[in-house]
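**Student:** For reference, this is target-v1.txt, and it has compact mmCIF, C-alpha atoms.
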```txt
# COMPACT_ATOMS: atom_id res chain seq x y z
CA MET I 108 20.44 45.70 4.57
CA ALA I 109 16.89 44.85 5.66
CA ILE I 110 15.53 46.20 2.39
CA LEU I 111 18.03 44.12 0.43
CA LEU I 112 17.02 40.99 2.37
CA VAL I 113 13.35 41.64 1.62
CA VAL I 114 14.13 42.10 -2.06
CA LEU I 115 16.12 38.85 -2.17
CA VAL I 116 13.37 36.87 -0.42
CA ALA I 117 10.70 38.36 -2.67
CA GLY I 118 12.79 37.59 -5.71
CA GLY I 119 13.27 34.00 -4.58
CA VAL I 120 9.55 33.53 -3.98
CA TRP I 121 8.76 34.98 -7.38
CA ALA I 122 11.34 32.71 -9.05
CA LEU I 123 9.87 29.62 -7.43
CA TYR I 124 6.18 30.43 -7.80
CA GLY I 125 5.67 33.17 -10.35
CA SER I 126 8.35 32.82 -12.97
CA THR I 127 8.70 30.24 -15.73
CA TRP I 128 12.16 29.26 -14.54
CA PHE I 129 11.19 26.35 -12.26
CA ARG I 130 8.10 24.82 -13.80
CA VAL I 131 7.41 21.18 -14.64
CA GLU I 132 8.34 20.45 -18.24
CA ARG I 133 9.14 16.72 -18.18
CA VAL I 134 8.61 13.49 -16.26
CA LYS I 135 11.23 10.74 -16.21
CA THR I 136 10.19 7.22 -15.16
CA SER I 137 12.65 4.44 -14.34
CA GLY I 138 12.50 0.92 -12.93
CA THR I 139 9.48 -0.35 -14.88
CA GLN I 140 9.59 -3.93 -16.19
CA VAL I 141 6.04 -5.17 -16.71
CA LEU I 142 4.38 -1.79 -16.42
CA THR I 143 5.04 0.74 -19.13
CA ARG I 144 6.28 4.27 -18.55
CA THR I 145 3.18 5.56 -20.33
CA GLU I 146 0.72 3.92 -17.94
CA VAL I 147 2.74 4.92 -14.87
CA GLU I 148 2.90 8.55 -15.98
CA ALA I 149 -0.80 8.58 -16.84
CA VAL I 150 -1.70 7.48 -13.31
CA ALA I 151 0.88 9.81 -11.74
CA ALA I 152 -0.85 12.77 -13.44
CA VAL I 153 2.03 15.16 -12.78
CA PRO I 154 0.72 18.72 -13.35
CA MET I 155 2.75 19.90 -16.32
CA GLY I 156 3.52 23.60 -16.28
CA ALA I 157 2.96 23.93 -12.53
CA PRO I 158 5.66 25.45 -10.33
CA LEU I 159 7.96 22.58 -9.39
CA VAL I 160 7.90 23.56 -5.72
CA THR I 161 4.09 23.16 -5.52
CA VAL I 162 3.89 19.61 -6.89
CA ASP I 163 2.33 17.30 -4.26
CA ILE I 164 4.89 14.49 -4.14
CA ASP I 165 2.96 12.47 -1.54
CA ALA I 166 -0.28 12.58 -3.54
CA ILE I 167 1.47 11.28 -6.67
CA GLU I 168 3.01 8.40 -4.71
CA ALA I 169 -0.34 7.53 -3.13
CA ARG I 170 -2.11 7.49 -6.51
CA LEU I 171 0.48 5.19 -8.03
CA ARG I 172 0.43 2.68 -5.19
CA GLN I 173 -3.36 2.67 -4.98
CA ARG I 174 -4.16 2.36 -8.67
CA LEU I 175 -1.21 0.21 -9.75
CA PRO I 176 -0.86 -2.58 -7.14
CA ARG I 177 2.02 -4.04 -9.13
CA ILE I 178 4.07 -1.16 -7.73
CA GLU I 179 5.72 -2.17 -4.47
CA SER I 180 7.32 1.23 -3.88
CA VAL I 181 7.92 4.44 -5.75
CA ASP I 182 10.14 7.44 -5.07
CA VAL I 183 8.83 10.70 -6.47
CA VAL I 184 11.56 13.33 -6.61
CA ARG I 185 11.91 16.86 -7.89
CA SER I 186 14.63 17.15 -10.51
CA TRP I 187 15.49 20.83 -10.67
CA PRO I 188 14.92 22.97 -12.59
CA HIS I 189 12.15 21.40 -14.72
CA GLY I 190 11.61 17.72 -13.97
CA ILE I 191 9.84 15.13 -11.83
CA GLY I 192 11.42 11.70 -11.44
CA LEU I 193 9.42 8.52 -10.75
CA LYS I 194 11.63 5.66 -9.50
CA VAL I 195 9.46 2.54 -9.54
CA THR I 196 10.05 -0.82 -7.87
CA GLU I 197 7.65 -3.52 -9.08
CA ARG I 198 6.48 -6.51 -7.09
CA LYS I 199 7.95 -9.86 -8.12
CA PRO I 200 5.70 -12.93 -8.35
CA VAL I 201 6.90 -15.95 -6.38
CA LEU I 202 3.80 -18.10 -6.96
CA LEU I 203 0.92 -18.23 -9.43
CA VAL I 204 -2.67 -19.21 -8.75
CA GLU I 205 -4.45 -20.38 -11.90
CA LYS I 206 -8.09 -19.33 -12.13
CA GLY I 207 -10.38 -19.28 -15.14
CA GLY I 208 -7.53 -19.71 -17.59
CA LYS I 209 -5.67 -16.74 -16.14
CA PHE I 210 -2.89 -16.48 -13.56
CA ILE I 211 -2.99 -14.51 -10.33
CA GLU I 212 0.48 -13.33 -9.31
CA VAL I 213 1.40 -13.61 -5.63
CA ASP I 214 4.38 -11.78 -4.12
CA SER I 215 6.69 -12.74 -1.26
CA THR I 216 4.27 -11.32 1.34
CA GLY I 217 1.36 -13.42 0.09
CA LEU I 218 -0.32 -10.48 -1.66
CA ARG I 219 -2.28 -11.25 -4.82
CA PHE I 220 -1.31 -8.19 -6.82
CA ALA I 221 -2.11 -8.83 -10.51
CA THR I 222 -3.89 -11.14 -12.93
CA VAL I 223 -2.19 -11.96 -16.24
CA ASP I 224 -3.12 -14.01 -19.30
CA THR I 225 0.25 -15.74 -19.64
CA ALA I 226 2.21 -17.33 -16.82
CA PRO I 227 5.59 -15.64 -16.25
CA ARG I 228 8.49 -18.00 -16.87
CA GLY I 229 10.13 -19.61 -13.87
CA VAL I 230 7.30 -18.91 -11.41
CA PRO I 231 5.74 -22.08 -9.91
CA ARG I 232 2.00 -22.63 -9.70
CA LEU I 233 0.29 -23.03 -6.35
CA VAL I 234 -2.25 -25.85 -6.23
CA LEU I 235 -4.53 -25.99 -3.18
CA ASP I 236 -5.88 -29.54 -3.00
CA SER I 237 -7.52 -28.79 0.30
CA ALA I 238 -11.24 -28.46 -0.45
CA SER I 239 -12.17 -31.24 1.97
CA SER I 240 -9.23 -30.75 4.29
CA PRO I 241 -9.74 -29.74 7.94
CA SER I 242 -6.79 -27.38 7.42
CA LEU I 243 -8.82 -25.23 5.04
CA ARG I 244 -11.63 -24.84 7.55
CA ARG I 245 -9.20 -24.19 10.40
CA PHE I 246 -6.67 -21.92 8.75
CA GLY I 247 -8.40 -20.62 5.60
CA ALA I 248 -7.09 -20.36 2.05
CA ASP I 249 -5.11 -17.17 2.76
CA ARG I 250 -3.17 -18.81 5.60
CA LEU I 251 -2.36 -21.81 3.43
CA LEU I 252 -1.26 -19.48 0.63
CA ARG I 253 1.09 -17.67 3.00
CA GLU I 254 2.46 -21.03 4.11
CA ALA I 255 3.20 -21.91 0.48
CA VAL I 256 4.92 -18.54 0.00
CA ARG I 257 7.01 -19.22 3.09
CA VAL I 258 8.10 -22.61 1.77
CA ARG I 259 8.91 -21.15 -1.64
CA GLY I 260 11.02 -18.44 -0.06
CA GLU I 261 13.11 -20.94 1.91
CA LEU I 262 14.03 -23.16 -1.04
CA PRO I 263 17.66 -23.17 -2.16
CA GLU I 264 18.01 -21.15 -5.37
CA GLU I 265 18.81 -24.13 -7.59
CA ILE I 266 15.82 -26.11 -6.32
CA ALA I 267 13.56 -23.06 -6.54
CA ARG I 268 14.46 -22.69 -10.23
CA ASP I 269 13.43 -26.31 -10.84
CA THR I 270 10.13 -26.07 -8.93
CA ARG I 271 7.09 -26.11 -11.18
CA VAL I 272 4.25 -26.69 -8.68
CA VAL I 273 3.81 -26.14 -4.95
CA ARG I 274 0.93 -28.41 -3.91
CA ILE I 275 -0.82 -28.12 -0.55
CA THR I 276 -3.29 -30.75 0.64
CA SER I 277 -3.24 -29.65 4.29
CA TYR I 278 -1.32 -27.36 6.61
CA ASP I 279 1.29 -30.04 7.25
CA SER I 280 1.36 -31.52 3.75
CA VAL I 281 3.27 -29.48 1.19
CA THR I 282 4.66 -31.22 -1.89
CA LEU I 283 6.97 -29.73 -4.50
CA GLU I 284 6.82 -30.91 -8.09
CA LEU I 285 10.13 -30.35 -9.85
CA THR I 286 11.46 -30.72 -13.36
CA ARG I 287 12.17 -34.22 -14.73
CA GLY I 288 9.22 -35.67 -12.84
CA ARG I 289 10.84 -35.34 -9.40
CA THR I 290 8.84 -34.63 -6.24
CA VAL I 291 9.71 -33.44 -2.77
CA PHE I 292 7.49 -34.06 0.25
CA TRP I 293 8.19 -31.03 2.40
CA GLY I 294 5.56 -31.62 5.07
CA SER I 295 4.69 -28.52 7.09
CA GLY I 296 6.37 -25.17 6.71
CA GLU I 297 8.20 -25.58 10.00
CA HIS I 298 12.01 -25.90 10.13
CA GLY I 299 12.26 -24.62 6.56
CA PRO I 300 15.95 -23.61 6.59
CA VAL I 301 16.93 -27.00 8.03
CA LYS I 302 14.83 -28.83 5.44
CA ALA I 303 16.43 -26.78 2.68
CA ARG I 304 19.93 -27.78 3.76
CA VAL I 305 18.94 -31.42 4.18
CA LEU I 306 17.25 -31.51 0.77
CA THR I 307 20.31 -30.05 -0.92
CA ALA I 308 22.53 -32.72 0.64
CA LEU I 309 20.04 -35.49 -0.09
CA MET I 310 19.78 -34.59 -3.76
CA LYS I 311 23.56 -34.54 -4.09
CA ALA I 312 23.86 -37.92 -2.36
CA THR I 313 21.11 -39.57 -4.46
CA PRO I 314 21.07 -37.67 -7.77
CA LYS I 315 19.08 -40.33 -9.60
CA ALA I 316 16.23 -40.45 -7.09
CA GLY I 317 12.80 -39.29 -8.16
CA HIS I 318 11.20 -38.68 -4.77
CA PHE I 319 12.62 -36.93 -1.72
CA ASP I 320 11.08 -36.70 1.74
CA VAL I 321 12.33 -34.05 4.16
CA SER I 322 9.15 -33.73 6.22
CA ALA I 323 11.18 -35.06 9.17
CA PRO I 324 14.57 -33.45 8.48
CA THR I 325 16.33 -35.63 11.03
CA ALA I 326 15.28 -38.71 9.05
CA PRO I 327 15.21 -37.75 5.35
CA ALA I 328 14.59 -40.30 2.65
CA SER I 329 14.80 -40.66 -1.13
CA SER I 330 13.46 -43.26 -3.49
CA GLY I 331 12.74 -44.07 -7.13
CA SER I 332 14.73 -43.15 -10.19
```
What is this structure when it is put down as structure tokens?
**Tutor:**
Amino acid sequence: MAILLVVLVAGGVWALYGSTWFRVERVKTSGTQVLTRTEVEAVAAVPMGAPLVTVDIDAIEARLRQRLPRIESVDVVRSWPHGIGLKVTERKPVLLVEKGGKFIEVDSTGLRFATVDTAPRGVPRLVLDSASSPSLRRFGADRLLREAVRVRGELPEEIARDTRVVRITSYDSVTLELTRGRTVFWGSGEHGPVKARVLTALMKATPKAGHFDVSAPTAPASSGS
């Protein structure tokens, strides 16, 4: 019995490491939208022909996340008997920062993760009109950017779709520029969920207004047409 067990273990080790039965022959990538499968697989550098059991899954994941910052997460899995699967989740831009004729994409955490030549549709631009503002010196551009991301994330979906510009002139002065020439003075990023509900109600109550002020959500106002 002991000899049989040794033979079985040895045979299993040989099958995994020494035979051609369980070697990497293909890579399958899924989940890409902006990235291409070709560029993901080139960075992954999966060792073709290597025993599947020896492939360093963690190293592949680390390479992808380090060299392709557009990747938010990636699952690298062995697909027996001959494959490696790369399940990619890409970051989604929620704001754009225009610089030098290009657009820097910012995700929901405030991370600047990619620069593109053409602005993605439906993503508002962030304008920091705060060069001479005490807020810039006190909080810094990164803090103001995160504040803009926070405001963008708390907008009702319908209003978010209509938002073209998020403009910050100070920490407590955020203005939204919407379609059809409408503007919303949001004020600071505080009480965002309350402001979102108030703005939704205000826009329904005064649909022809051109300017909405929810900086003090207990006393909202609308004007213009």
**Student:** Do a neighbour search on region 318-332 of chain I at 6 Å with only C-alpha atoms, toss out local chain neighbours closer than 3 positions, and write the hits as a PyMOL selection string.
**Tutor:** chain I and resi 289-294+302+315
**Student:** Report, in Å with one decimal, the straight-line distance from CA of Arg268 (chain I) to CA of Thr286 (chain I).
**Tutor:** 9.1 Å
**Student:** Measuring between only C-alpha atoms, which one of I:Ala149, I:Leu235, I:Ala303, I:Leu218 shows the shortest distance to Gly260 (chain I)?
**Tutor:**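 Distance minimum relative to Gly260 (chain I) lands on I:Ala303.
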**Student:** Go through I:Ile191, I:Leu285, I:Val162, I:Ala152 one by one, measure the shortest atom-to-atom distance of each to Ala267 (chain I) using all atoms listed in the file, and give the residue with the smallest value.
**Tutor:**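 Smallest distance to Ala267 (chain I) is found for I:Leu285.
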**Student:** So that I can see what lies close to Arg228 (chain I), please list as a VMD selection string the residues with an atom at most 12 Å from it, counting all atoms listed in the file and leaving out residues fewer than 4 positions away in the same chain.
**Tutor:** chain I and resid 199 to 203 210 212 232 268 to 271
**Student:** With C-alpha atoms kept, could you save the residues just selected as a CSV table (one decimal), in the coordinates of the input?
**Tutor:**
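Wrote out29.csv, looks like this:
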```
chain,number,residue,atom,x,y,z
I,199,LYS,CA,8.0,-9.9,-8.1
I,200,PRO,CA,5.7,-12.9,-8.4
I,201,VAL,CA,6.9,-16.0,-6.4
I,202,LEU,CA,3.8,-18.1,-7.0
I,203,LEU,CA,0.9,-18.2,-9.4
I,210,PHE,CA,-2.9,-16.5,-13.6
I,212,GLU,CA,0.5,-13.3,-9.3
I,232,ARG,CA,2.0,-22.6,-9.7
I,268,ARG,CA,14.5,-22.7,-10.2
I,269,ASP,CA,13.4,-26.3,-10.8
I,270,THR,CA,10.1,-26.1,-8.9
I,271,ARG,CA,7.1,-26.1,-11.2
```
**Student:** Considering all atoms listed in the file, return as number ranges by chain whatever protein or nucleic-acid residues lie within 12 Å of Val204 (chain I), sequence-local ones (same chain, fewer than 5 positions apart) excluded.
**Tutor:** I: 209-214, 217-227, 230-235, 248-249, 252, 255-256, 272-274
**Student:** Find the residue from I:Met310, I:Leu159, I:Leu142, I:Ile275 that sits nearest to Arg177 (chain I); use all atoms listed in the file when measuring.
**Tutor:**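 Of I:Met310, I:Leu159, I:Leu142, I:Ile275, the one nearest Arg177 (chain I) is I:Leu142, counting all atoms listed in the file.
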**Student:** Using all atoms listed in the file, which of the listed residues (I:Arg130, I:Arg144, I:Lys311, I:His298) sits closest to Gly190 (chain I)?
**Tutor:** I:Arg130
**Student:** Just the number, please: distance in Å from CA of Thr276 (chain I) to CA of Thr313 (chain I), one decimal.
**Tutor:**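 Spanning CA of Thr276 (chain I) to CA of Thr313 (chain I) is a straight-line distance of 26.4 Å.
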**Student:** How many Å separate CA of Ala151 (chain I) from CA of Arg198 (chain I)?
**Tutor:**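 These two atoms are separated by 17.9 Å.
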**Student:** Using all atoms listed in the file, which of I:Arg174, I:Gly247, I:Phe129, I:Leu193 sits nearest Glu148 (chain I)?
**Tutor:**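 Using all atoms listed in the file, the shortest distance to Glu148 (chain I) belongs to I:Leu193.
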**Student:** Can I get region 176-192 of chain I with N, CA, C and O atoms filled in, as a compact mmCIF listing (two decimals), in the frame of the given file?
**Tutor:**
```
# COMPACT_ATOMS: atom_id res chain seq x y z
N PRO I 176 -1.35 -1.71 -8.22
CA PRO I 176 -0.86 -2.58 -7.14
C PRO I 176 0.40 -3.35 -7.49
O PRO I 176 1.05 -3.90 -6.60
N ARG I 177 0.75 -3.41 -8.77
CA ARG I 177 2.02 -4.04 -9.13
C ARG I 177 3.21 -3.24 -8.58
O ARG I 177 4.30 -3.79 -8.40
N ILE I 178 3.00 -1.99 -8.28
CA ILE I 178 4.07 -1.16 -7.73
C ILE I 178 4.24 -1.46 -6.25
O ILE I 178 3.31 -1.28 -5.45
N GLU I 179 5.42 -1.92 -5.88
CA GLU I 179 5.72 -2.17 -4.47
C GLU I 179 6.12 -0.87 -3.77
O GLU I 179 5.72 -0.60 -2.64
N SER I 180 6.94 -0.07 -4.43
CA SER I 180 7.32 1.23 -3.88
C SER I 180 7.65 2.17 -5.03
O SER I 180 7.97 1.73 -6.13
N VAL I 181 7.57 3.45 -4.73
CA VAL I 181 7.92 4.44 -5.75
C VAL I 181 8.47 5.67 -5.03
O VAL I 181 7.92 6.12 -4.03
N ASP I 182 9.58 6.18 -5.56
CA ASP I 182 10.14 7.44 -5.07
C ASP I 182 9.82 8.53 -6.09
O ASP I 182 10.18 8.41 -7.26
N VAL I 183 9.15 9.56 -5.62
CA VAL I 183 8.83 10.70 -6.47
C VAL I 183 9.74 11.84 -6.04
O VAL I 183 9.71 12.27 -4.89
N VAL I 184 10.56 12.31 -6.97
CA VAL I 184 11.56 13.33 -6.61
C VAL I 184 11.49 14.51 -7.58
O VAL I 184 11.17 14.35 -8.76
N ARG I 185 11.78 15.67 -7.05
CA ARG I 185 11.91 16.86 -7.89
C ARG I 185 13.30 16.88 -8.51
O ARG I 185 14.30 16.70 -7.81
N SER I 186 13.36 17.08 -9.80
CA SER I 186 14.63 17.15 -10.51
C SER I 186 14.76 18.57 -11.07
O SER I 186 14.26 18.87 -12.16
N TRP I 187 15.39 19.42 -10.29
CA TRP I 187 15.49 20.83 -10.67
C TRP I 187 16.31 21.00 -11.96
O TRP I 187 17.24 20.25 -12.18
N PRO I 188 15.94 21.95 -12.83
CA PRO I 188 14.92 22.97 -12.59
C PRO I 188 13.53 22.65 -13.17
O PRO I 188 12.58 23.35 -12.89
N HIS I 189 13.41 21.56 -13.98
CA HIS I 189 12.15 21.40 -14.72
C HIS I 189 11.55 19.99 -14.69
O HIS I 189 10.63 19.72 -15.46
N GLY I 190 12.05 19.10 -13.84
CA GLY I 190 11.61 17.72 -13.97
C GLY I 190 11.04 17.10 -12.70
O GLY I 190 11.28 17.57 -11.58
N ILE I 191 10.30 16.01 -12.91
CA ILE I 191 9.84 15.13 -11.83
C ILE I 191 10.32 13.72 -12.17
O ILE I 191 10.13 13.25 -13.30
N GLY I 192 10.96 13.07 -11.22
CA GLY I 192 11.42 11.70 -11.44
C GLY I 192 10.56 10.70 -10.69
O GLY I 192 10.20 10.92 -9.52
```
